[in-house]
>>> print(open('work13.cif').read())   # mmCIF, C-alpha atoms
data_input
loop_
_atom_site.label_atom_id
_atom_site.label_comp_id
_atom_site.auth_asym_id
_atom_site.auth_seq_id
_atom_site.Cartn_x
_atom_site.Cartn_y
_atom_site.Cartn_z
CA MET Y 1 0.00 0.00 0.00
CA LYS Y 2 0.94 3.63 -0.51
CA SER Y 3 -0.11 6.72 1.39
CA ASP Y 4 -2.32 9.21 -0.39
CA VAL Y 5 -1.71 12.90 0.29
CA ILE Y 6 -4.05 15.85 0.53
CA LEU Y 7 -2.65 19.36 0.60
CA GLY Y 8 -3.42 22.96 -0.30
CA LEU Y 9 -2.13 24.49 -3.53
CA GLN Y 10 -2.52 28.16 -2.65
CA TRP Y 11 -1.77 30.32 0.41
CA GLY Y 12 -3.71 28.08 2.78
CA ASP Y 13 -7.39 28.18 3.77
CA GLU Y 14 -8.37 26.11 0.73
CA GLY Y 15 -10.83 23.93 2.64
CA LYS Y 16 -8.66 20.94 3.49
CA GLY Y 17 -10.45 20.13 6.74
CA LYS Y 18 -13.81 19.58 5.07
CA ILE Y 19 -12.36 17.32 2.37
CA VAL Y 20 -10.22 15.25 4.74
CA ASP Y 21 -13.26 14.76 6.98
CA TYR Y 22 -15.27 13.72 3.91
CA LEU Y 23 -12.64 11.37 2.52
CA ALA Y 24 -11.70 9.90 5.91
CA ALA Y 25 -14.61 7.50 5.66
CA LYS Y 26 -12.60 5.38 3.23
CA TYR Y 27 -9.23 5.59 5.02
CA ASP Y 28 -7.99 3.59 7.98
CA VAL Y 29 -5.40 6.20 8.99
CA VAL Y 30 -5.26 10.02 8.75
CA ALA Y 31 -1.91 11.59 9.65
CA ARG Y 32 -0.89 15.27 10.02
CA PHE Y 33 2.66 15.74 8.77
CA GLN Y 34 3.58 19.39 9.51
CA GLY Y 35 2.48 22.70 10.97
CA GLY Y 36 0.84 23.28 14.32
CA PRO Y 37 -1.86 25.41 15.94
CA ASN Y 38 -1.41 28.01 13.20
CA ALA Y 39 -3.59 25.70 11.09
CA GLY Y 40 -7.36 25.94 11.16
CA HIS Y 41 -9.24 23.13 9.44
CA THR Y 42 -12.98 23.84 9.47
CA LEU Y 43 -15.45 20.93 9.35
CA GLU Y 44 -19.22 21.32 9.12
CA PHE Y 45 -21.78 18.52 9.37
CA ASP Y 46 -25.10 17.78 11.11
CA GLU Y 47 -25.57 21.56 11.52
CA ILE Y 48 -22.40 21.72 13.63
CA LYS Y 49 -19.29 23.73 12.74
CA HIS Y 50 -15.96 22.76 14.27
CA VAL Y 51 -12.39 23.97 13.77
CA LEU Y 52 -9.40 21.66 14.29
CA HIS Y 53 -5.91 23.09 14.78
CA GLN Y 54 -3.56 20.23 15.60
CA VAL Y 55 -5.75 17.13 15.67
CA PRO Y 56 -6.07 15.31 12.30
CA SER Y 57 -9.39 15.84 10.53
CA GLY Y 58 -10.24 12.13 10.63
CA ILE Y 59 -10.99 12.36 14.35
CA PHE Y 60 -14.76 12.40 13.75
CA ARG Y 61 -14.62 8.94 12.16
CA ASN Y 62 -14.47 6.37 14.98
CA HIS Y 63 -12.86 3.67 12.83
CA THR Y 64 -9.99 5.95 11.74
CA LYS Y 65 -6.59 6.02 13.42
CA ASN Y 66 -5.37 9.62 13.68
CA ILE Y 67 -1.65 10.35 13.89
CA ILE Y 68 0.09 13.60 14.81
CA GLY Y 69 3.40 13.13 13.04
CA ASN Y 70 6.93 14.11 13.94
CA GLY Y 71 6.84 17.09 11.55
CA VAL Y 72 4.13 18.78 13.66
CA VAL Y 73 4.89 21.31 16.40
CA LEU Y 74 2.47 20.70 19.27
CA ASP Y 75 1.20 23.23 21.79
CA PRO Y 76 -0.06 21.17 24.77
CA VAL Y 77 -2.32 23.97 26.02
CA ILE Y 78 -4.12 24.42 22.72
CA PHE Y 79 -4.20 20.63 22.28
CA LYS Y 80 -6.01 20.19 25.61
CA LYS Y 81 -8.58 22.85 24.71
CA GLU Y 82 -9.08 21.22 21.34
CA ILE Y 83 -9.70 17.80 22.88
CA ASP Y 84 -12.05 19.28 25.50
CA ALA Y 85 -14.07 20.87 22.70
CA LEU Y 86 -14.52 17.44 21.09
CA LYS Y 87 -16.35 15.97 24.10
CA GLN Y 88 -19.73 17.14 22.81
CA PHE Y 89 -19.31 14.84 19.80
CA GLN Y 90 -18.80 11.68 21.92
CA ILE Y 91 -15.33 11.32 20.39
CA GLU Y 92 -12.93 8.82 22.00
CA PRO Y 93 -9.56 10.50 21.30
CA PHE Y 94 -7.69 8.36 23.85
CA TYR Y 95 -8.59 5.40 21.67
CA ASN Y 96 -7.89 6.57 18.11
CA LEU Y 97 -5.39 9.42 18.44
CA PHE Y 98 -1.65 8.72 18.35
CA ILE Y 99 1.09 11.31 18.89
CA SER Y 100 4.65 11.00 17.66
CA LYS Y 101 7.26 11.17 20.39
CA ARG Y 102 9.40 13.07 17.88
CA ALA Y 103 6.93 15.96 17.47
CA GLN Y 104 8.38 19.22 18.81
CA LEU Y 105 6.81 20.92 21.81
CA ILE Y 106 5.77 24.56 21.71
CA LEU Y 107 6.74 26.09 25.05
CA PRO Y 108 5.19 29.22 26.59
CA THR Y 109 8.41 31.09 25.86
CA HIS Y 110 8.18 30.15 22.17
CA ARG Y 111 4.94 32.13 21.95
CA LEU Y 112 6.52 35.07 23.75
CA LEU Y 113 9.49 34.99 21.39
CA ASP Y 114 7.16 34.89 18.41
CA ALA Y 115 5.47 38.08 19.61
CA ALA Y 116 8.81 39.75 20.38
CA TYR Y 117 10.25 38.92 16.95
CA GLU Y 118 7.16 40.16 15.13
CA LYS Y 119 7.01 43.38 17.13
CA SER Y 120 10.67 44.12 16.42
CA LYS Y 121 10.11 43.93 12.64
CA GLY Y 122 7.74 46.88 12.59
CA ASP Y 123 6.47 47.54 9.07
CA GLU Y 124 8.42 44.51 7.81
CA LYS Y 125 6.44 42.01 9.87
CA ILE Y 126 5.52 38.76 8.08
CA GLY Y 127 2.03 38.34 9.56
CA SER Y 128 2.81 35.59 12.07
CA THR Y 129 -0.12 33.92 13.86
CA LEU Y 130 1.91 34.41 17.09
CA LYS Y 131 1.44 30.75 18.04
CA GLY Y 132 5.15 30.14 18.58
CA ILE Y 133 5.54 28.14 15.38
CA GLY Y 134 8.65 29.85 13.99
CA PRO Y 135 10.69 29.87 17.23
CA THR Y 136 9.83 26.19 17.81
CA TYR Y 137 11.05 25.17 14.37
CA GLN Y 138 14.14 27.35 14.96
CA ASP Y 139 14.95 25.37 18.08
CA LYS Y 140 14.35 22.14 16.17
CA THR Y 141 16.91 23.01 13.50
CA ALA Y 142 19.27 24.36 16.16
CA ARG Y 143 18.96 20.95 17.87
CA ILE Y 144 17.98 22.39 21.23
CA GLY Y 145 14.19 21.85 21.10
CA LEU Y 146 12.11 19.60 23.33
CA ARG Y 147 10.00 16.80 21.91
CA VAL Y 148 6.82 15.11 23.06
CA GLY Y 149 8.78 12.03 24.11
CA ASP Y 150 10.82 14.17 26.50
CA ILE Y 151 7.85 14.78 28.79
CA ILE Y 152 8.01 11.24 30.14
CA ALA Y 153 11.76 11.49 30.85
CA THR Y 154 12.86 11.85 34.48
CA ASP Y 155 14.97 14.92 33.68
CA PHE Y 156 12.32 16.77 31.65
CA LYS Y 157 12.03 19.70 34.06
CA ASN Y 158 15.77 20.26 33.90
CA LYS Y 159 15.66 20.24 30.10
CA TYR Y 160 12.71 22.61 30.17
CA GLN Y 161 14.42 25.00 32.59
CA SER Y 162 17.60 25.07 30.49
CA LEU Y 163 15.73 25.97 27.29
CA LYS Y 164 13.53 28.48 29.10
CA GLU Y 165 16.58 30.32 30.37
CA LYS Y 166 17.94 30.58 26.82
CA HIS Y 167 14.62 32.04 25.71
CA ILE Y 168 14.51 34.54 28.58
CA LYS Y 169 17.92 35.89 27.60
CA LEU Y 170 16.59 36.52 24.10
CA LEU Y 171 13.41 38.16 25.40
CA ASN Y 172 15.52 40.47 27.55
CA LEU Y 173 17.55 41.48 24.50
CA TYR Y 174 14.32 42.50 22.76
CA GLU Y 175 13.18 44.34 25.93
CA PHE Y 176 9.89 42.48 25.63
CA GLU Y 177 7.53 42.63 28.60
CA TYR Y 178 5.81 39.41 29.64
CA ASP Y 179 4.25 37.44 32.48
CA LEU Y 180 5.49 33.86 32.26
CA SER Y 181 4.37 32.44 35.61
CA SER Y 182 0.64 32.36 34.85
CA ILE Y 183 0.97 30.67 31.47
CA GLU Y 184 3.48 28.14 32.82
CA ILE Y 185 0.89 26.77 35.25
CA GLU Y 186 -1.50 26.09 32.38
CA PHE Y 187 1.35 24.58 30.34
CA PHE Y 188 2.34 22.00 32.95
CA GLU Y 189 -1.30 21.04 33.56
CA ALA Y 190 -1.63 20.45 29.82
CA LEU Y 191 1.50 18.29 29.83
CA GLU Y 192 -0.07 15.97 32.40
CA PHE Y 193 -3.13 15.72 30.16
CA LEU Y 194 -0.92 14.98 27.15
CA LYS Y 195 0.67 12.05 28.99
CA LYS Y 196 -2.70 10.25 28.97
CA PHE Y 197 -2.50 9.80 25.19
CA LYS Y 198 -0.73 7.17 23.13
CA LEU Y 199 2.74 8.62 22.62
CA VAL Y 200 4.29 6.42 19.95
CA ASP Y 201 7.09 5.93 17.47
CA ALA Y 202 4.76 7.13 14.73
CA GLU Y 203 7.16 6.34 11.88
CA TYR Y 204 6.82 2.65 12.77
CA LEU Y 205 3.07 2.88 13.26
CA ILE Y 206 2.40 4.43 9.86
CA ASN Y 207 4.76 2.11 7.96
CA GLN Y 208 3.30 -0.92 9.72
CA SER Y 209 -0.17 0.32 8.77
CA LEU Y 210 0.83 0.38 5.10
CA ALA Y 211 2.46 -3.03 5.38
CA SER Y 212 -0.80 -4.35 6.84
CA GLN Y 213 -2.68 -3.03 3.77
CA GLU Y 214 -4.35 -0.25 5.72
CA SER Y 215 -5.22 2.83 3.69
CA VAL Y 216 -3.44 6.01 4.81
CA LEU Y 217 -4.13 9.68 4.08
CA ALA Y 218 -1.45 12.27 4.88
CA GLU Y 219 -3.01 15.63 5.77
CA GLY Y 220 -1.16 18.88 5.15
CA ALA Y 221 -1.69 22.26 6.79
CA GLN Y 222 -1.37 25.78 5.36
CA GLY Y 223 -0.70 25.85 1.59
CA SER Y 224 2.06 25.10 -0.90
CA LEU Y 225 2.78 28.78 -1.55
CA LEU Y 226 3.65 29.14 2.14
CA ASP Y 227 6.33 26.42 2.00
CA VAL Y 228 9.55 27.56 3.67
CA ASP Y 229 11.61 26.51 0.61
CA PHE Y 230 9.26 27.05 -2.33
CA GLY Y 231 6.79 29.65 -1.08
CA SER Y 232 6.86 33.45 -1.30
CA TYR Y 233 9.85 33.72 1.05
CA PRO Y 234 10.19 35.30 3.59
CA TYR Y 235 6.39 35.59 3.87
CA VAL Y 236 6.00 31.88 4.49
CA THR Y 237 5.44 29.43 7.33
CA SER Y 238 8.33 27.59 8.98
CA SER Y 239 7.68 24.08 7.64
CA ASN Y 240 7.54 22.18 4.36
CA THR Y 241 3.90 22.33 3.35
CA THR Y 242 4.51 20.50 0.06
CA CYS Y 243 4.39 16.79 -0.68
CA ALA Y 244 8.08 16.45 0.24
CA GLY Y 245 7.07 17.28 3.81
CA VAL Y 246 5.14 14.01 4.00
CA CYS Y 247 8.37 12.03 3.87
CA THR Y 248 10.19 14.08 6.53
CA GLY Y 249 7.07 14.73 8.61
CA LEU Y 250 5.89 11.12 8.90
CA GLY Y 251 8.91 8.97 8.16
CA LEU Y 252 7.64 7.67 4.83
CA ALA Y 253 9.90 6.85 1.89
CA PRO Y 254 9.15 8.70 -1.41
CA SER Y 255 8.21 5.36 -2.95
CA LYS Y 256 5.36 5.12 -0.43
CA ILE Y 257 3.52 8.16 -1.83
CA GLY Y 258 0.40 7.33 -3.87
CA GLU Y 259 -2.29 9.73 -5.07
CA VAL Y 260 -1.65 13.42 -4.41
CA HIS Y 261 -4.90 15.35 -4.02
CA GLY Y 262 -4.39 19.07 -4.60
CA ILE Y 263 -7.04 21.40 -3.15
CA PHE Y 264 -7.66 24.89 -4.47
CA LYS Y 265 -10.36 27.51 -4.19
CA ALA Y 266 -12.22 28.70 -7.28
CA TYR Y 267 -10.59 32.06 -6.47
CA CYS Y 268 -7.62 33.05 -4.24
CA THR Y 269 -7.16 34.28 -0.68
CA ARG Y 270 -4.24 35.06 1.57
CA VAL Y 271 -3.87 35.94 5.26
CA GLY Y 272 -1.05 38.13 6.49
CA GLU Y 273 1.69 39.91 4.58
CA GLY Y 274 3.40 38.91 1.34
CA PRO Y 275 2.89 39.10 -2.42
CA PHE Y 276 -0.52 38.37 -3.91
CA PRO Y 277 -0.55 39.18 -7.66
CA THR Y 278 -4.32 38.85 -8.19
CA GLU Y 279 -5.43 40.62 -5.01
CA LEU Y 280 -8.47 42.86 -5.44
CA HIS Y 281 -8.68 46.14 -3.52
CA ASP Y 282 -12.20 47.00 -4.69
CA GLU Y 283 -15.84 46.06 -4.26
CA VAL Y 284 -15.24 42.75 -6.05
CA GLY Y 285 -12.65 41.76 -3.44
CA ASP Y 286 -15.04 42.86 -0.70
CA LYS Y 287 -17.80 40.74 -2.24
CA LEU Y 288 -15.56 37.66 -2.38
CA ARG Y 289 -14.66 38.18 1.28
CA LYS Y 290 -18.27 38.64 2.34
CA ASP Y 291 -19.80 35.85 0.26
CA GLY Y 292 -16.96 33.44 1.08
CA HIS Y 293 -16.90 34.29 4.82
CA GLU Y 294 -13.18 34.83 4.38
CA PHE Y 295 -11.91 35.28 7.90
CA GLY Y 296 -9.12 33.17 9.38
CA ALA Y 297 -10.26 30.07 11.30
CA THR Y 298 -7.28 30.43 13.64
CA THR Y 299 -6.71 34.20 13.79
CA GLY Y 300 -10.10 35.64 12.80
CA ARG Y 301 -8.27 38.08 10.55
CA PRO Y 302 -10.01 39.14 7.32
CA ARG Y 303 -8.45 37.38 4.34
CA ARG Y 304 -7.16 39.21 1.30
CA CYS Y 305 -9.15 38.09 -1.75
CA GLY Y 306 -8.53 37.93 -5.50
CA TRP Y 307 -9.08 36.00 -8.71
CA LEU Y 308 -7.69 32.53 -9.43
CA ASP Y 309 -3.97 32.58 -10.28
CA LEU Y 310 -3.02 29.89 -12.82
CA PRO Y 311 0.78 30.51 -12.85
CA ALA Y 312 0.84 30.03 -9.07
CA LEU Y 313 -1.45 27.01 -9.30
CA LYS Y 314 0.63 25.36 -12.04
CA TYR Y 315 3.75 25.92 -9.94
CA ALA Y 316 2.18 24.25 -6.90
CA ILE Y 317 0.98 21.32 -9.02
CA MET Y 318 4.49 20.84 -10.39
CA ILE Y 319 6.39 20.83 -7.10
CA ASN Y 320 3.85 18.53 -5.43
CA GLY Y 321 3.40 15.99 -8.22
CA VAL Y 322 -0.38 16.44 -7.95
CA THR Y 323 -2.40 13.65 -9.58
CA GLN Y 324 -5.93 15.03 -9.16
CA LEU Y 325 -7.59 18.30 -8.20
CA LEU Y 326 -10.39 19.28 -5.84
CA MET Y 327 -12.06 22.67 -6.30
CA MET Y 328 -13.52 24.35 -3.24
CA LYS Y 329 -15.98 27.21 -2.75
CA ALA Y 330 -17.37 27.22 -6.27
CA ASP Y 331 -20.60 28.50 -4.72
CA VAL Y 332 -18.93 31.77 -3.70
CA LEU Y 333 -18.86 32.73 -7.40
CA ASP Y 334 -22.59 32.04 -7.85
CA SER Y 335 -23.61 35.69 -8.27
CA PHE Y 336 -20.82 36.95 -10.53
CA ASP Y 337 -21.68 37.94 -14.11
CA GLU Y 338 -18.04 37.53 -15.14
CA ILE Y 339 -15.13 35.63 -13.60
CA ASN Y 340 -11.50 36.49 -14.25
CA VAL Y 341 -8.64 33.99 -14.27
CA CYS Y 342 -4.99 35.09 -14.29
CA THR Y 343 -3.19 33.24 -17.10
CA HIS Y 344 0.18 35.06 -17.12
CA TYR Y 345 2.22 37.69 -15.31
CA LYS Y 346 3.46 40.79 -17.09
CA LEU Y 347 6.94 41.68 -15.84
CA LYS Y 348 8.43 45.18 -15.54
CA ASN Y 349 10.29 44.72 -18.84
CA GLY Y 350 6.99 44.06 -20.60
CA SER Y 351 7.50 40.33 -21.18
CA LEU Y 352 4.90 37.72 -20.23
CA THR Y 353 5.50 34.61 -18.16
CA ASP Y 354 3.40 31.82 -16.71
CA ALA Y 355 6.15 30.87 -14.24
CA MET Y 356 6.49 31.98 -10.63
CA PRO Y 357 9.36 34.51 -10.42
CA PHE Y 358 11.99 33.96 -7.73
CA ASP Y 359 11.78 37.63 -6.74
CA LEU Y 360 7.99 37.89 -6.57
CA CYS Y 361 8.37 39.63 -3.22
CA ASP Y 362 10.63 42.33 -4.66
CA GLU Y 363 9.34 42.81 -8.20
CA ALA Y 364 5.68 43.59 -8.69
CA VAL Y 365 3.99 41.74 -11.54
CA THR Y 366 0.82 42.66 -13.39
CA PRO Y 367 -1.70 39.83 -13.80
CA VAL Y 368 -3.01 39.13 -17.30
CA TYR Y 369 -6.59 37.92 -17.20
CA LYS Y 370 -8.94 35.79 -19.26
CA THR Y 371 -12.61 36.60 -18.65
CA LEU Y 372 -15.20 33.83 -18.47
CA LYS Y 373 -18.96 34.02 -18.16
CA GLY Y 374 -20.42 33.45 -14.69
CA TRP Y 375 -23.29 31.04 -14.05
CA ASN Y 376 -25.53 33.26 -11.88
CA THR Y 377 -27.15 30.22 -10.26
CA ASP Y 378 -27.41 29.02 -6.68
CA ILE Y 379 -25.51 25.72 -6.74
CA THR Y 380 -25.56 25.01 -2.99
CA LYS Y 381 -28.38 22.45 -3.24
CA ILE Y 382 -27.09 20.61 -6.32
CA THR Y 383 -25.99 17.04 -5.58
CA GLU Y 384 -24.93 15.66 -8.99
CA TYR Y 385 -22.13 16.79 -11.25
CA LYS Y 386 -24.27 16.66 -14.40
CA SER Y 387 -26.75 19.05 -12.78
CA LEU Y 388 -24.20 21.85 -12.34
CA PRO Y 389 -24.89 24.91 -14.54
CA SER Y 390 -23.31 24.81 -17.99
CA LYS Y 391 -21.14 27.88 -17.38
CA LEU Y 392 -19.65 26.29 -14.26
CA LEU Y 393 -18.93 23.12 -16.24
CA GLU Y 394 -17.24 25.30 -18.87
CA TYR Y 395 -15.17 26.93 -16.11
CA ILE Y 396 -14.12 23.49 -14.86
CA ASP Y 397 -13.32 22.27 -18.40
CA TYR Y 398 -11.19 25.36 -19.02
CA LEU Y 399 -9.21 24.84 -15.81
CA GLU Y 400 -8.69 21.13 -16.51
CA GLU Y 401 -7.32 21.95 -19.96
CA GLU Y 402 -4.99 24.63 -18.59
CA LEU Y 403 -3.79 22.56 -15.63
CA GLN Y 404 -3.71 19.21 -17.43
CA LEU Y 405 -5.34 17.43 -14.51
CA PRO Y 406 -8.86 16.25 -13.69
CA ILE Y 407 -10.97 18.16 -11.16
CA ASN Y 408 -12.67 15.20 -9.48
CA ILE Y 409 -14.42 16.97 -6.61
CA VAL Y 410 -16.34 20.25 -6.59
CA SER Y 411 -17.46 21.74 -3.28
CA VAL Y 412 -20.71 23.71 -3.41
CA GLY Y 413 -20.99 24.69 0.25
CA PRO Y 414 -19.34 24.27 3.68
CA ASN Y 415 -21.32 21.23 4.80
CA ARG Y 416 -19.97 17.70 4.47
CA ALA Y 417 -22.98 16.84 2.28
CA GLN Y 418 -22.28 19.71 -0.16
CA THR Y 419 -19.55 17.78 -1.95
CA ILE Y 420 -19.92 16.60 -5.54
CA PHE Y 421 -17.86 13.81 -7.08
CA LYS Y 422 -17.53 14.06 -10.84
CA ASN Y 423 -17.70 10.31 -11.32
CA ASN Y 424 -20.90 10.10 -9.29
CA GLY Y 425 -22.78 12.38 -11.59
#
>>> encode(input="work13.cif", output="structure tokens")
Amino acid sequence: MKSDVILGLQWGDEGKGKIVDYLAAKYDVVARFQGGPNAGHTLEFDEIKHVLHQVPSGIFRNHTKNIIGNGVVLDPVIFKKEIDALKQFQIEPFYNLFISKRAQLILPTHRLLDAAYEKSKGDEKIGSTLKGIGPTYQDKTARIGLRVGDIIATDFKNKYQSLKEKHIKLLNLYEFEYDLSSIEIEFFEALEFLKKFKLVDAEYLINQSLASQESVLAEGAQGSLLDVDFGSYPYVTSSNTTCAGVCTGLGLAPSKIGEVHGIFKAYCTRVGEGPFPTELHDEVGDKLRKDGHEFGATTGRPRRCGWLDLPALKYAIMINGVTQLLMMKADVLDSFDEINVCTHYKLKNGSLTDAMPFDLCDEAVTPVYKTLKGWNTDITKITEYKSLPSKLLEYIDYLEEELQLPINIVSVGPNRAQTIFKNNG
């Protein structure tokens, strides 16, 4: 068996949580391979809306094993709150949730450092979620971080104290004011809660699952254009959000990767700072934000909105080896007479390109658009692919031709039931 992968192809917020929850019914294992509480995967079913931050989106399926992989950075405090919020759903997380001992711990001082770093950048801030993600990954690469497996070691408090003192020295350099004592109490209470879970060598668990012919789905967070290596650097997250991150974040060999499901919105959004070639600063952008309820699931911040960007999408498809596409939020475009799609960038020298420039952050590009007719139809109650309006089908056909991949799923609303499979209709 091979592990399938599901990941975002834009700047995050593509709707991964809904699709993983939907697809989890046919998978035995769902595993998060990177990111942390900066993720916000929204699931909606049975008239209930829920947002997951660190827990894999298969948690609502009782038969599914859920793994938090070694590539994840875990905040015990947020984790405890997340688990407590699941109690209303009669979920048994102690039974079907497994946490890698190699996952890095987010300490209270990591969050303080995140805030201090962002404040010091002034107008050059990157738009951090202030969850301590960056400083935790910094400590990981510096080989001084603490991991989940450390919490059951007899000398954990000594290790914690040593790293805390390093962080305090940095905070003092930034002259950052803070109150650590109160948040430390909550942190250590959350650690005791974390110890109740199955802390495992997740790389063995996931490979043994494949060897036992169990189906596995690797779940990504954020989006490909936020990848620390291939995103719009430096306005990126601190992990590898692309398919390569599956191997390092779960302990899977490249030969164990199967289908790669790439998720994208029918338009584009971005949270925080950084380049966004198709961003709209007008009433159209406002309409996309309002109709799409475009506010961050984790931060609550309003998202920047714009038209679909094909050069960026083609780039993400290439670096991920995407095998099939899933289009989200098609219903948000229901009331548009015309829909624009960016096909190329016009550079400062006047030349056109459909490639992502290395210096996108430094050199502004002008999007070149193709205009398509809108469908002006409420599609939220449609359940079969063949019943979608003709102009939407033309939009899908155009994108498939441009991207050279099938769009096998179209989402027509936030609910689990508002998901249309092409082959079912």
>>> resolve_selection(input="work13.cif", expression="the PyMOL selection byres ((chain Y and resi 326) around 8)", output="list in words")
His261, Gly262, Ile263, Phe264, Gln324, Leu325, Met327, Met328, Ile407, Asn408, Ile409, Val410 and Ser411 of chain Y
>>> residues_around(input="work13.cif", residues="Cys361 in chain Y", least_positions_apart="6", cutoff="10 Å", atoms="all atoms listed in the file", output="number ranges by chain")
Y: 232-235, 274-277
>>> residues_near_point(input="work13.cif", point="(-3.2, 17.4, -13.8)", cutoff="6 Å", atoms="all atoms listed in the file", output="VMD selection string")
chain Y and resid 323 to 324 403 to 406
>>> resolve_selection(input="work13.cif", expression="the PyMOL selection byres ((chain Y and resi 358) around 10)", output="PDB file with C-alpha atoms, in the frame of the given file")
ATOM      1  CA  PHE Y 230       9.260  27.050  -2.330  1.00  0.00           C
ATOM      2  CA  GLY Y 231       6.790  29.650  -1.080  1.00  0.00           C
ATOM      3  CA  SER Y 232       6.860  33.450  -1.300  1.00  0.00           C
ATOM      4  CA  TYR Y 233       9.850  33.720   1.050  1.00  0.00           C
ATOM      5  CA  ALA Y 355       6.150  30.870 -14.240  1.00  0.00           C
ATOM      6  CA  MET Y 356       6.490  31.980 -10.630  1.00  0.00           C
ATOM      7  CA  PRO Y 357       9.360  34.510 -10.420  1.00  0.00           C
ATOM      8  CA  ASP Y 359      11.780  37.630  -6.740  1.00  0.00           C
ATOM      9  CA  LEU Y 360       7.990  37.890  -6.570  1.00  0.00           C
ATOM     10  CA  CYS Y 361       8.370  39.630  -3.220  1.00  0.00           C
ATOM     11  CA  ASP Y 362      10.630  42.330  -4.660  1.00  0.00           C
ATOM     12  CA  GLU Y 363       9.340  42.810  -8.200  1.00  0.00           C
TER      13      GLU Y 363
END
>>> resolve_selection(input="work13.cif", expression="the PyMOL selection byres ((chain Y and resi 130) around 6)", output="JSON, numbers by chain")
{"Y": [114, 115, 128, 129, 131, 132]}
>>> residues_around(input="work13.cif", residues="range 24-29 of chain Y", least_positions_apart="3", cutoff="9 Å", atoms="all atoms listed in the file", output="list in words")
Ile19, Val20, Asp21, Ser57, Gly58, Ile59, Phe60, Arg61, His63, Thr64, Lys65, Asn66, Ile67, Ile206, Ser209, Glu214, Ser215, Val216, Leu217 and Ala218 of chain Y
>>> atom_distance(input="work13.cif", atom1="CA of Ser120 in chain Y", atom2="CA of Glu186 in chain Y")
27.0 Å
